[in-house]
$ cat protein.pdb   # PDB, C-alpha atoms and all ligand atoms
MODEL        1
ATOM      1  CA  MET A   1      54.795 -17.466 -29.828
ATOM      2  CA  VAL A   2      54.958 -16.101 -26.282
ATOM      3  CA  LEU A   3      55.860 -12.503 -25.582
ATOM      4  CA  SER A   4      59.468 -13.262 -24.653
ATOM      5  CA  ASP A   5      59.866 -14.971 -28.052
ATOM      6  CA  LEU A   6      58.491 -11.854 -29.712
ATOM      7  CA  GLY A   7      61.046  -9.772 -27.828
ATOM      8  CA  ARG A   8      63.840 -12.119 -28.870
ATOM      9  CA  LYS A   9      62.813 -12.011 -32.541
ATOM     10  CA  LEU A  10      62.458  -8.232 -32.580
ATOM     11  CA  ASN A  11      65.815  -7.920 -30.918
ATOM     12  CA  ALA A  12      67.414 -10.297 -33.409
ATOM     13  CA  ALA A  13      65.980  -8.273 -36.295
ATOM     14  CA  LEU A  14      67.213  -4.983 -34.855
ATOM     15  CA  SER A  15      70.667  -6.237 -34.002
ATOM     16  CA  SER A  16      71.079  -7.745 -37.490
ATOM     17  CA  LEU A  17      71.838  -4.143 -38.474
ATOM     18  CA  ASN A  18      75.116  -4.408 -36.610
ATOM     19  CA  ARG A  19      76.302  -7.066 -39.034
ATOM     20  CA  VAL A  20      76.000  -4.989 -42.212
ATOM     21  CA  SER A  21      78.512  -2.355 -43.227
ATOM     22  CA  ILE A  22      76.237  -0.291 -45.458
ATOM     23  CA  VAL A  23      72.669   0.380 -44.441
ATOM     24  CA  ASP A  24      70.484   0.963 -47.480
ATOM     25  CA  GLU A  25      66.813   0.575 -48.351
ATOM     26  CA  LYS A  26      67.220  -3.134 -48.973
ATOM     27  CA  VAL A  27      68.611  -3.643 -45.478
ATOM     28  CA  LEU A  28      65.739  -1.589 -44.070
ATOM     29  CA  ASP A  29      63.156  -3.667 -45.955
ATOM     30  CA  THR A  30      64.663  -6.956 -44.799
ATOM     31  CA  LEU A  31      64.659  -5.750 -41.214
ATOM     32  CA  LEU A  32      61.060  -4.529 -41.451
ATOM     33  CA  LYS A  33      59.991  -7.838 -42.939
ATOM     34  CA  GLU A  34      61.436  -9.660 -39.926
ATOM     35  CA  VAL A  35      59.918  -7.209 -37.428
ATOM     36  CA  CYS A  36      56.488  -7.498 -39.064
ATOM     37  CA  ALA A  37      56.634 -11.302 -39.271
ATOM     38  CA  ALA A  38      57.391 -11.458 -35.532
ATOM     39  CA  LEU A  39      54.493  -9.130 -34.702
ATOM     40  CA  LEU A  40      52.072 -11.081 -36.895
ATOM     41  CA  GLU A  41      53.134 -14.353 -35.313
ATOM     42  CA  SER A  42      52.255 -12.797 -31.972
ATOM     43  CA  ASP A  43      48.738 -12.025 -33.199
ATOM     44  CA  VAL A  44      49.178  -8.270 -33.490
ATOM     45  CA  ASN A  45      46.503  -6.991 -35.853
ATOM     46  CA  VAL A  46      47.507  -7.186 -39.541
ATOM     47  CA  LYS A  47      46.479  -3.610 -40.309
ATOM     48  CA  LEU A  48      48.511  -2.258 -37.394
ATOM     49  CA  VAL A  49      51.559  -4.207 -38.501
ATOM     50  CA  SER A  50      51.349  -2.853 -42.013
ATOM     51  CA  GLN A  51      50.891   0.692 -40.668
ATOM     52  CA  LEU A  52      53.975   0.247 -38.506
ATOM     53  CA  ARG A  53      56.000  -0.859 -41.524
ATOM     54  CA  GLN A  54      54.795   2.134 -43.555
ATOM     55  CA  LYS A  55      55.491   4.663 -40.822
ATOM     56  CA  VAL A  56      59.017   3.408 -40.150
ATOM     57  CA  ARG A  57      59.799   3.347 -43.893
ATOM     58  CA  ILE A  58      58.535   6.882 -44.441
ATOM     59  CA  LYS A  59      60.349   8.239 -41.406
ATOM     60  CA  VAL A  60      63.664   6.553 -42.208
ATOM     61  CA  LYS A  61      63.568   7.246 -45.933
ATOM     62  CA  ALA A  62      62.891  10.933 -45.341
ATOM     63  CA  VAL A  63      66.041  11.155 -43.218
ATOM     64  CA  PHE A  64      68.086   9.081 -45.694
ATOM     65  CA  GLU A  65      67.062  11.468 -48.468
ATOM     66  CA  SER A  66      67.676  14.593 -46.406
ATOM     67  CA  GLY A  67      71.411  13.986 -46.518
ATOM     68  CA  GLY A  68      71.802  15.597 -43.077
ATOM     69  CA  GLU A  69      73.841  14.490 -40.081
ATOM     70  CA  LYS A  70      71.438  11.685 -39.216
ATOM     71  CA  ALA A  71      71.738  10.235 -42.724
ATOM     72  CA  LYS A  72      75.451   9.598 -42.258
ATOM     73  CA  GLU A  73      76.323   5.909 -42.391
ATOM     74  CA  ALA A  74      77.394   5.880 -38.729
ATOM     75  CA  ASN A  75      73.993   7.157 -37.581
ATOM     76  CA  LYS A  76      71.713   5.117 -39.824
ATOM     77  CA  LYS A  77      71.503   2.097 -37.532
ATOM     78  CA  ASN A  78      70.485   4.198 -34.557
ATOM     79  CA  LEU A  79      67.962   6.014 -36.688
ATOM     80  CA  ILE A  80      66.270   2.782 -37.780
ATOM     81  CA  GLN A  81      66.384   1.226 -34.317
ATOM     82  CA  LYS A  82      64.830   4.332 -32.791
ATOM     83  CA  ALA A  83      62.141   4.552 -35.473
ATOM     84  CA  VAL A  84      61.106   0.921 -34.850
ATOM     85  CA  PHE A  85      61.218   1.431 -31.074
ATOM     86  CA  ASP A  86      59.038   4.556 -31.293
ATOM     87  CA  GLU A  87      56.464   2.825 -33.496
ATOM     88  CA  LEU A  88      56.335  -0.180 -31.151
ATOM     89  CA  VAL A  89      55.707   2.224 -28.271
ATOM     90  CA  SER A  90      52.957   4.007 -30.161
ATOM     91  CA  LEU A  91      51.342   0.622 -30.846
ATOM     92  CA  VAL A  92      50.667   0.304 -27.113
ATOM     93  CA  ASP A  93      50.254   4.001 -26.355
ATOM     94  CA  PRO A  94      46.940   5.578 -27.343
ATOM     95  CA  GLY A  95      48.111   8.918 -25.922
ATOM     96  CA  VAL A  96      45.224   9.004 -23.479
ATOM     97  CA  GLU A  97      45.688   9.356 -19.725
ATOM     98  CA  PRO A  98      43.716   6.768 -17.754
ATOM     99  CA  TYR A  99      41.519   7.773 -14.830
ATOM    100  CA  LYS A 100      43.395   8.063 -11.539
ATOM    101  CA  PRO A 101      41.385   7.295  -8.382
ATOM    102  CA  LYS A 102      41.257  10.235  -6.000
ATOM    103  CA  LYS A 103      41.754   9.961  -2.249
ATOM    104  CA  GLY A 104      38.779  10.871  -0.075
ATOM    105  CA  TYR A 105      36.334  10.250  -2.947
ATOM    106  CA  PRO A 106      34.231   7.135  -3.692
ATOM    107  CA  ASN A 107      35.888   6.032  -6.967
ATOM    108  CA  VAL A 108      33.645   3.472  -8.657
ATOM    109  CA  ILE A 109      35.460   1.100 -11.014
ATOM    110  CA  MET A 110      33.355  -1.267 -13.110
ATOM    111  CA  ALA A 111      35.062  -4.368 -14.530
ATOM    112  CA  VAL A 112      33.660  -5.815 -17.750
ATOM    113  CA  GLY A 113      34.760  -8.647 -19.970
ATOM    114  CA  LEU A 114      33.540 -11.526 -22.042
ATOM    115  CA  GLN A 115      34.455 -15.162 -21.839
ATOM    116  CA  ALA A 116      34.705 -15.684 -25.570
ATOM    117  CA  CYS A 117      35.725 -19.306 -25.685
ATOM    118  CA  GLY A 118      32.620 -20.977 -24.252
ATOM    119  CA  THR A 119      31.473 -21.529 -20.716
ATOM    120  CA  LEU A 120      33.434 -24.715 -20.030
ATOM    121  CA  LEU A 121      36.839 -23.080 -20.250
ATOM    122  CA  PRO A 122      38.334 -21.056 -17.408
ATOM    123  CA  GLY A 123      37.308 -17.397 -17.330
ATOM    124  CA  ASN A 124      39.417 -14.543 -18.558
ATOM    125  CA  GLY A 125      40.457 -13.624 -15.028
ATOM    126  CA  LYS A 126      37.967 -10.851 -14.300
ATOM    127  CA  THR A 127      37.045 -11.864 -10.756
ATOM    128  CA  THR A 128      40.669 -12.511  -9.820
ATOM    129  CA  THR A 129      41.665  -9.159 -11.316
ATOM    130  CA  CYS A 130      38.982  -7.312  -9.311
ATOM    131  CA  THR A 131      40.552  -8.587  -6.085
ATOM    132  CA  LYS A 132      44.059  -7.851  -7.378
ATOM    133  CA  LEU A 133      42.962  -4.275  -8.121
ATOM    134  CA  ALA A 134      41.426  -3.874  -4.662
ATOM    135  CA  VAL A 135      44.663  -5.163  -3.102
ATOM    136  CA  HIS A 136      46.693  -2.778  -5.269
ATOM    137  CA  TYR A 137      44.716   0.276  -4.153
ATOM    138  CA  GLN A 138      44.467  -0.894  -0.553
ATOM    139  CA  LYS A 139      48.263  -1.123  -0.402
ATOM    140  CA  ARG A 140      48.411   2.470  -1.561
ATOM    141  CA  GLY A 141      46.227   3.653   1.273
ATOM    142  CA  TYR A 142      42.784   3.601  -0.349
ATOM    143  CA  LYS A 143      39.881   2.055   1.533
ATOM    144  CA  ALA A 144      38.943  -0.550  -1.098
ATOM    145  CA  SER A 145      35.976  -2.852  -1.646
ATOM    146  CA  ILE A 146      34.443  -5.247  -4.180
ATOM    147  CA  VAL A 147      30.825  -5.670  -5.259
ATOM    148  CA  CYS A 148      30.037  -8.983  -6.951
ATOM    149  CA  ALA A 149      27.293  -8.251  -9.507
ATOM    150  CA  ASP A 150      27.844 -11.472 -11.435
ATOM    151  CA  THR A 151      24.670 -13.420 -10.799
ATOM    152  CA  PHE A 152      24.972 -15.448 -13.990
ATOM    153  CA  ARG A 153      27.933 -17.639 -13.102
ATOM    154  CA  ALA A 154      27.211 -20.009 -10.244
ATOM    155  CA  GLY A 155      29.954 -19.657  -7.664
ATOM    156  CA  ALA A 156      31.062 -16.166  -8.689
ATOM    157  CA  PHE A 157      30.062 -14.659  -5.339
ATOM    158  CA  ASP A 158      31.738 -17.499  -3.418
ATOM    159  CA  GLN A 159      34.920 -16.879  -5.373
ATOM    160  CA  THR A 160      34.796 -13.151  -4.582
ATOM    161  CA  ARG A 161      34.055 -13.880  -0.925
ATOM    162  CA  GLN A 162      36.998 -16.264  -0.662
ATOM    163  CA  SER A 163      39.550 -14.108  -2.428
ATOM    164  CA  ALA A 164      38.377 -10.880  -0.770
ATOM    165  CA  THR A 165      38.512 -12.526   2.654
ATOM    166  CA  LYS A 166      42.027 -13.781   1.927
ATOM    167  CA  ALA A 167      43.059 -10.289   0.846
ATOM    168  CA  LYS A 168      41.243  -8.637   3.769
ATOM    169  CA  VAL A 169      39.177  -6.527   1.384
ATOM    170  CA  ALA A 170      35.522  -5.619   2.085
ATOM    171  CA  TYR A 171      33.042  -7.277  -0.273
ATOM    172  CA  PHE A 172      29.346  -7.271  -1.052
ATOM    173  CA  GLY A 173      27.122  -9.748  -2.894
ATOM    174  CA  SER A 174      24.054 -11.902  -2.469
ATOM    175  CA  TYR A 175      23.115 -15.576  -2.611
ATOM    176  CA  THR A 176      19.426 -14.780  -3.080
ATOM    177  CA  GLU A 177      19.131 -11.606  -5.170
ATOM    178  CA  THR A 178      19.155 -12.504  -8.860
ATOM    179  CA  ASP A 179      19.085  -9.005 -10.327
ATOM    180  CA  PRO A 180      22.700  -7.918 -10.950
ATOM    181  CA  VAL A 181      21.662  -4.261 -11.346
ATOM    182  CA  ALA A 182      20.006  -4.268  -7.898
ATOM    183  CA  ILE A 183      23.092  -5.891  -6.291
ATOM    184  CA  ALA A 184      25.446  -3.434  -7.953
ATOM    185  CA  ALA A 185      23.352  -0.452  -6.860
ATOM    186  CA  GLN A 186      22.983  -1.735  -3.280
ATOM    187  CA  GLY A 187      26.665  -2.577  -2.940
ATOM    188  CA  VAL A 188      27.894   0.736  -4.285
ATOM    189  CA  ALA A 189      25.414   2.694  -2.122
ATOM    190  CA  LYS A 190      26.515   0.763   0.979
ATOM    191  CA  PHE A 191      30.229   1.281   0.355
ATOM    192  CA  LYS A 192      29.742   4.952  -0.507
ATOM    193  CA  LYS A 193      27.924   5.437   2.779
ATOM    194  CA  GLU A 194      30.792   3.705   4.577
ATOM    195  CA  LYS A 195      33.263   6.111   2.938
ATOM    196  CA  PHE A 196      35.101   3.548   0.810
ATOM    197  CA  GLU A 197      37.427   5.207  -1.673
ATOM    198  CA  VAL A 198      37.671   2.436  -4.271
ATOM    199  CA  ILE A 199      34.544   0.425  -5.060
ATOM    200  CA  ILE A 200      35.140  -2.243  -7.694
ATOM    201  CA  VAL A 201      32.047  -3.676  -9.370
ATOM    202  CA  ASP A 202      32.562  -7.115 -10.898
ATOM    203  CA  THR A 203      30.010  -7.765 -13.635
ATOM    204  CA  SER A 204      29.038 -10.950 -15.421
ATOM    205  CA  GLY A 205      31.369 -12.238 -18.111
ATOM    206  CA  ARG A 206      28.994 -14.740 -19.660
ATOM    207  CA  HIS A 207      25.354 -14.771 -20.639
ATOM    208  CA  LYS A 208      22.859 -16.690 -22.671
ATOM    209  CA  GLN A 209      23.452 -14.222 -25.483
ATOM    210  CA  GLU A 210      26.152 -11.642 -25.990
ATOM    211  CA  SER A 211      23.521  -8.928 -26.540
ATOM    212  CA  GLU A 212      22.026  -9.661 -23.105
ATOM    213  CA  LEU A 213      25.447  -9.315 -21.515
ATOM    214  CA  PHE A 214      25.936  -5.913 -23.108
ATOM    215  CA  GLU A 215      22.430  -4.811 -22.081
ATOM    216  CA  GLU A 216      23.132  -5.874 -18.492
ATOM    217  CA  MET A 217      26.382  -3.921 -18.465
ATOM    218  CA  ILE A 218      24.657  -0.800 -19.753
ATOM    219  CA  GLN A 219      22.049  -1.079 -16.999
ATOM    220  CA  ILE A 220      24.659  -1.638 -14.279
ATOM    221  CA  GLY A 221      26.570   1.324 -15.670
ATOM    222  CA  HIS A 222      23.470   3.523 -15.405
ATOM    223  CA  ALA A 223      22.881   2.324 -11.843
ATOM    224  CA  VAL A 224      26.405   2.791 -10.448
ATOM    225  CA  LYS A 225      27.784   5.548 -12.732
ATOM    226  CA  PRO A 226      31.379   4.298 -12.787
ATOM    227  CA  ASP A 227      34.272   6.755 -12.731
ATOM    228  CA  MET A 228      36.205   4.225 -14.774
ATOM    229  CA  THR A 229      35.140   1.109 -16.658
ATOM    230  CA  VAL A 230      37.896  -1.427 -17.206
ATOM    231  CA  LEU A 231      37.837  -4.042 -19.950
ATOM    232  CA  ILE A 232      39.489  -7.271 -18.808
ATOM    233  CA  LEU A 233      41.060  -9.113 -21.734
ATOM    234  CA  ASP A 234      42.729 -12.509 -21.649
ATOM    235  CA  ALA A 235      46.178 -12.421 -23.288
ATOM    236  CA  SER A 236      45.235 -15.482 -25.316
ATOM    237  CA  ILE A 237      42.316 -13.789 -27.070
ATOM    238  CA  GLY A 238      44.245 -13.504 -30.354
ATOM    239  CA  GLN A 239      42.960 -11.703 -33.410
ATOM    240  CA  SER A 240      39.366 -11.527 -32.148
ATOM    241  CA  ALA A 241      40.469  -8.913 -29.592
ATOM    242  CA  GLU A 242      39.847  -6.108 -32.028
ATOM    243  CA  ALA A 243      36.215  -7.005 -32.762
ATOM    244  CA  GLN A 244      35.492  -7.788 -29.139
ATOM    245  CA  SER A 245      36.980  -4.599 -27.788
ATOM    246  CA  ARG A 246      35.188  -2.499 -30.401
ATOM    247  CA  ALA A 247      31.856  -4.107 -29.438
ATOM    248  CA  PHE A 248      32.526  -3.351 -25.764
ATOM    249  CA  LYS A 249      33.574   0.201 -26.538
ATOM    250  CA  GLU A 250      30.257   0.823 -28.263
ATOM    251  CA  SER A 251      28.155  -0.394 -25.355
ATOM    252  CA  ALA A 252      30.185  -0.141 -22.156
ATOM    253  CA  ASP A 253      32.609   2.581 -23.295
ATOM    254  CA  PHE A 254      35.495   1.431 -21.122
ATOM    255  CA  GLY A 255      38.302   3.844 -20.286
ATOM    256  CA  ALA A 256      41.070   1.361 -19.509
ATOM    257  CA  ILE A 257      42.206  -2.159 -20.326
ATOM    258  CA  ILE A 258      43.796  -4.835 -18.162
ATOM    259  CA  VAL A 259      45.356  -7.774 -19.980
ATOM    260  CA  THR A 260      45.397 -10.925 -17.864
ATOM    261  CA  LYS A 261      47.536 -14.073 -18.039
ATOM    262  CA  MET A 262      50.558 -12.369 -19.561
ATOM    263  CA  ASP A 263      52.661 -14.914 -17.656
ATOM    264  CA  GLY A 264      51.249 -17.856 -19.589
ATOM    265  CA  HIS A 265      51.836 -19.205 -23.064
ATOM    266  CA  ALA A 266      49.605 -16.658 -24.748
ATOM    267  CA  LYS A 267      50.911 -14.564 -27.609
ATOM    268  CA  GLY A 268      49.528 -11.349 -26.142
ATOM    269  CA  GLY A 269      49.676  -9.374 -29.381
ATOM    270  CA  GLY A 270      45.931  -9.586 -29.984
ATOM    271  CA  ALA A 271      45.041  -8.093 -26.629
ATOM    272  CA  ILE A 272      47.676  -5.430 -27.119
ATOM    273  CA  SER A 273      46.068  -4.517 -30.458
ATOM    274  CA  ALA A 274      42.872  -3.635 -28.581
ATOM    275  CA  VAL A 275      44.638  -0.464 -27.440
ATOM    276  CA  ALA A 276      44.902   0.843 -30.984
ATOM    277  CA  ALA A 277      41.443  -0.397 -31.978
ATOM    278  CA  THR A 278      39.781   1.507 -29.151
ATOM    279  CA  LYS A 279      42.324   4.245 -28.343
ATOM    280  CA  THR A 280      42.228   3.105 -24.741
ATOM    281  CA  PRO A 281      45.236   2.670 -22.457
ATOM    282  CA  ILE A 282      46.293  -0.579 -20.824
ATOM    283  CA  ILE A 283      46.711   0.157 -17.116
ATOM    284  CA  PHE A 284      47.846  -3.186 -15.699
ATOM    285  CA  LEU A 285      48.994  -6.626 -16.788
ATOM    286  CA  GLY A 286      47.971  -9.747 -14.889
ATOM    287  CA  THR A 287      51.085 -11.838 -14.434
ATOM    288  CA  GLY A 288      50.006 -14.799 -12.331
ATOM    289  CA  GLU A 289      47.357 -16.347 -10.118
ATOM    290  CA  HIS A 290      48.476 -14.644  -6.890
ATOM    291  CA  LEU A 291      46.739 -11.517  -5.712
ATOM    292  CA  THR A 292      49.915  -9.483  -6.002
ATOM    293  CA  ASP A 293      50.555 -10.592  -9.596
ATOM    294  CA  LEU A 294      49.459  -7.311 -11.135
ATOM    295  CA  ASP A 295      52.008  -5.094 -12.889
ATOM    296  CA  ARG A 296      51.442  -1.473 -13.741
ATOM    297  CA  PHE A 297      51.677  -0.918 -17.489
ATOM    298  CA  SER A 298      53.556   1.925 -19.154
ATOM    299  CA  PRO A 299      54.201   1.877 -22.921
ATOM    300  CA  GLN A 300      57.874   2.836 -23.030
ATOM    301  CA  PRO A 301      59.167   0.636 -20.183
ATOM    302  CA  PHE A 302      57.070  -2.237 -21.559
ATOM    303  CA  ILE A 303      58.695  -2.051 -24.995
ATOM    304  CA  SER A 304      62.170  -1.524 -23.485
ATOM    305  CA  LYS A 305      61.693  -4.615 -21.340
ATOM    306  CA  LEU A 306      60.288  -6.580 -24.282
ATOM    307  CA  LEU A 307      63.407  -5.822 -26.301
ATOM    308  CA  GLY A 308      65.563  -6.750 -23.316
TER     309      GLY A 308
HETATM  310  P1  LIG B 401      36.449 -14.882 -14.585
HETATM  311  O1  LIG B 401      35.554 -16.025 -14.914
HETATM  312  O2  LIG B 401      36.700 -14.009 -15.756
HETATM  313  O3  LIG B 401      36.028 -14.114 -13.389
HETATM  314  O4  LIG B 401      37.896 -15.514 -14.295
HETATM  315  P2  LIG B 401      38.606 -15.926 -12.925
HETATM  316  O5  LIG B 401      39.005 -14.720 -12.162
HETATM  317  O6  LIG B 401      37.759 -16.930 -12.224
HETATM  318  O7  LIG B 401      39.944 -16.590 -13.470
HETATM  319  C1  LIG B 401      39.960 -17.776 -14.235
HETATM  320  C2  LIG B 401      41.273 -18.501 -14.007
HETATM  321  O8  LIG B 401      42.356 -17.718 -14.466
HETATM  322  C3  LIG B 401      41.564 -18.736 -12.521
HETATM  323  O9  LIG B 401      42.121 -20.032 -12.399
HETATM  324  C4  LIG B 401      42.593 -17.677 -12.149
HETATM  325  O10 LIG B 401      43.444 -18.060 -11.105
HETATM  326  C5  LIG B 401      43.341 -17.557 -13.457
HETATM  327  N1  LIG B 401      43.985 -16.239 -13.647
HETATM  328  C6  LIG B 401      43.460 -15.010 -13.515
HETATM  329  N2  LIG B 401      44.362 -14.050 -13.810
HETATM  330  C7  LIG B 401      45.519 -14.697 -14.118
HETATM  331  C8  LIG B 401      46.845 -14.266 -14.543
HETATM  332  O11 LIG B 401      47.152 -13.074 -14.698
HETATM  333  N3  LIG B 401      47.748 -15.257 -14.781
HETATM  334  C9  LIG B 401      47.436 -16.582 -14.651
HETATM  335  N4  LIG B 401      48.387 -17.472 -14.911
HETATM  336  N5  LIG B 401      46.226 -17.020 -14.280
HETATM  337  C10 LIG B 401      45.276 -16.095 -14.028
ENDMDL
END
$ encode --input "protein.pdb" --output "structure tokens" --more "lines below"
Ligand code: GDP
Amino acid sequence: MVLSDLGRKLNAALSSLNRVSIVDEKVLDTLLKEVCAALLESDVNVKLVSQLRQKVRIKVKAVFESGGEKAKEANKKNLIQKAVFDELVSLVDPGVEPYKPKKGYPNVIMAVGLQACGTLLPGNGKTTTCTKLAVHYQKRGYKASIVCADTFRAGAFDQTRQSATKAKVAYFGSYTETDPVAIAAQGVAKFKKEKFEVIIVDTSGRHKQESELFEEMIQIGHAVKPDMTVLILDASIGQSAEAQSRAFKESADFGAIIVTKMDGHAKGGGAISAVAATKTPIIFLGTGEHLTDLDRFSPQPFISKLLG
């Protein structure tokens, strides 16, 4: 079920309230069942869905029982709709402010991610997203650059070179150096010296073993000391998002998430659940293959738009 279907189903559940004359606990339970089924179908984590149901029930029941103004029949629908809306927002809002690059300072942003589905399938969009990010900051007046420290995937540097050239963004990489830590350190040092304000370090997304990938990321992190590490997650990752993001959090300790391919047929709910699993904010959504297909993410507008 794609995200727009989720929005439609949530909307249908919420507007079903308008068809009943008396809103009681049974009506609330039926509505919550529909809301939860839609979220589960979208791959939102089971535990989160059940927490959402609990929280809405407790909140609404407390008001029902209070007998106050809000418990009046005319206000019950609004009360329930708002409670569901607020819980959906908190699902994607960890309450943590992401790092904001400062002007006149060499902000180092390290991009990490794992191609979970095997090396033959297309990547999760990390390299593309690095260029999109550079374009985003460049448009806002930052002097931006990209360092390609992915020496594992053949062609990664060529891809960076091509997309960075197209976007008129400075880039650094090597066809001969095989040590990703050395490339990352050299690239960041060079761009710092040249007074770049955003230096994006693209790391490897695949390895012989997952543990080696994590070890490499830790070493690159030590070498370049990122101001912000961003986890790039493919919207189609599904339920494994929680385990994957937790594993990354333990080793790379990322401070922001970008979910890619939100324009496709992916359900998206799994990647969104990574926010709650790691208490880390989503900062952008990738919405296409073009370099400008990067949308800023904010919890409340996202849920409002989802519900249409
Ligand atoms: P990497 O291996 O993780 O670096 O992934 P790439 O950046 O090479 O991207 C893999 C494929 O996904 C490429 O064909 C990209 O054009 C495509 N891609 C990346 N981001 C998006 C996105 O937000 N939407 C869509 N539809 N495709 C994307």
$ residues_around --input "protein.pdb" --residues "A:Gly308" --least-positions-apart "5" --cutoff "12 Å" --atoms "only C-alpha atoms" --output "list in words"
Leu3, Ser4, Asp5, Leu6, Gly7, Arg8, Lys9, Leu10, Asn11, Ala12, Leu14, Ser15, Pro301, Phe302 and Ile303 of chain A
$ residues_around --input "protein.pdb" --residues "A:Gly205" --least-positions-apart "4" --cutoff "9 Å" --atoms "all atoms listed in the file" --output "VMD selection string"
chain A and resid 112 to 116 123 to 124 126 150 152 to 153 213
$ resolve_selection --input "protein.pdb" --expression "the PyMOL selection byres (((not hetatm)) within 7 of (chain B and resi 401))" --output "PyMOL selection string"
chain A and resi 115+122-129+205+260-264+286-289+293
$ closest_atom_pairs --input "protein.pdb" --of "stretch 25-138 of chain A" --to "stretch 143-146 of chain A" --cutoff "9 Å" --atoms "all atoms listed in the file" --output "Markdown table"
| residue | atom | partner | partner_atom | distance |
| --- | --- | --- | --- | --- |
| A:Lys103 | CA | A:Lys143 | CA | 9.0 |
| A:Cys130 | CA | A:Ile146 | CA | 7.2 |
| A:Thr131 | CA | A:Ile146 | CA | 7.2 |
| A:Leu133 | CA | A:Ala144 | CA | 8.9 |
| A:Ala134 | CA | A:Ala144 | CA | 5.5 |
| A:Val135 | CA | A:Ala144 | CA | 7.6 |
| A:Tyr137 | CA | A:Ala144 | CA | 6.6 |
| A:Gln138 | CA | A:Ala144 | CA | 5.6 |
$ resolve_selection --input "protein.pdb" --expression "the PyMOL selection byres (((chain A and resi 229) around 8) and not hetatm)" --output "VMD selection string"
chain A and resid 109 to 112 226 to 228 230 to 231 252 to 256
$ atom_distance --input "protein.pdb" --atom1 "atom CA of A:Ala223" --atom2 "atom CA of A:Ala185"
5.7 Å
$ resolve_selection --input "protein.pdb" --expression "the PyMOL selection byres (((chain A and resi 167-171) around 6) and not hetatm)" --output "ChimeraX atom specification"
/A:145-147,164-166,172
$ residues_near_point --input "protein.pdb" --point "(20.7, -5.6, -14.1)" --cutoff "12 Å" --atoms "all atoms listed in the file" --output "PyMOL selection string"
chain A and resi 149-152+177-186+203-204+212-224
$ write_last_selection --input "protein.pdb" --atoms "C-alpha atoms" --output "compact mmCIF listing (two decimals), keeping the file's coordinate frame"
# COMPACT_ATOMS: atom_id res chain seq x y z
CA ALA A 149 27.29 -8.25 -9.51
CA ASP A 150 27.84 -11.47 -11.44
CA THR A 151 24.67 -13.42 -10.80
CA PHE A 152 24.97 -15.45 -13.99
CA GLU A 177 19.13 -11.61 -5.17
CA THR A 178 19.16 -12.50 -8.86
CA ASP A 179 19.08 -9.01 -10.33
CA PRO A 180 22.70 -7.92 -10.95
CA VAL A 181 21.66 -4.26 -11.35
CA ALA A 182 20.01 -4.27 -7.90
CA ILE A 183 23.09 -5.89 -6.29
CA ALA A 184 25.45 -3.43 -7.95
CA ALA A 185 23.35 -0.45 -6.86
CA GLN A 186 22.98 -1.74 -3.28
CA THR A 203 30.01 -7.76 -13.64
CA SER A 204 29.04 -10.95 -15.42
CA GLU A 212 22.03 -9.66 -23.10
CA LEU A 213 25.45 -9.32 -21.52
CA PHE A 214 25.94 -5.91 -23.11
CA GLU A 215 22.43 -4.81 -22.08
CA GLU A 216 23.13 -5.87 -18.49
CA MET A 217 26.38 -3.92 -18.46
CA ILE A 218 24.66 -0.80 -19.75
CA GLN A 219 22.05 -1.08 -17.00
CA ILE A 220 24.66 -1.64 -14.28
CA GLY A 221 26.57 1.32 -15.67
CA HIS A 222 23.47 3.52 -15.40
CA ALA A 223 22.88 2.32 -11.84
CA VAL A 224 26.40 2.79 -10.45
$ atom_distance --input "protein.pdb" --atom1 "atom CA of A:Ala38" --atom2 "atom CA of A:Phe284"
23.5 Å
$ residues_around --input "protein.pdb" --residues "A:Glu242" --least-positions-apart "2" --cutoff "9 Å" --atoms "all atoms listed in the file" --output "compact mmCIF listing (two decimals) with C-alpha atoms, in the frame of the given file"
# COMPACT_ATOMS: atom_id res chain seq x y z
CA ASN A 45 46.50 -6.99 -35.85
CA GLY A 238 44.24 -13.50 -30.35
CA GLN A 239 42.96 -11.70 -33.41
CA SER A 240 39.37 -11.53 -32.15
CA GLN A 244 35.49 -7.79 -29.14
CA SER A 245 36.98 -4.60 -27.79
CA ARG A 246 35.19 -2.50 -30.40
CA ALA A 247 31.86 -4.11 -29.44
CA GLY A 270 45.93 -9.59 -29.98
CA ALA A 271 45.04 -8.09 -26.63
CA SER A 273 46.07 -4.52 -30.46
CA ALA A 274 42.87 -3.64 -28.58
CA VAL A 275 44.64 -0.46 -27.44
CA ALA A 276 44.90 0.84 -30.98
CA ALA A 277 41.44 -0.40 -31.98
CA THR A 278 39.78 1.51 -29.15
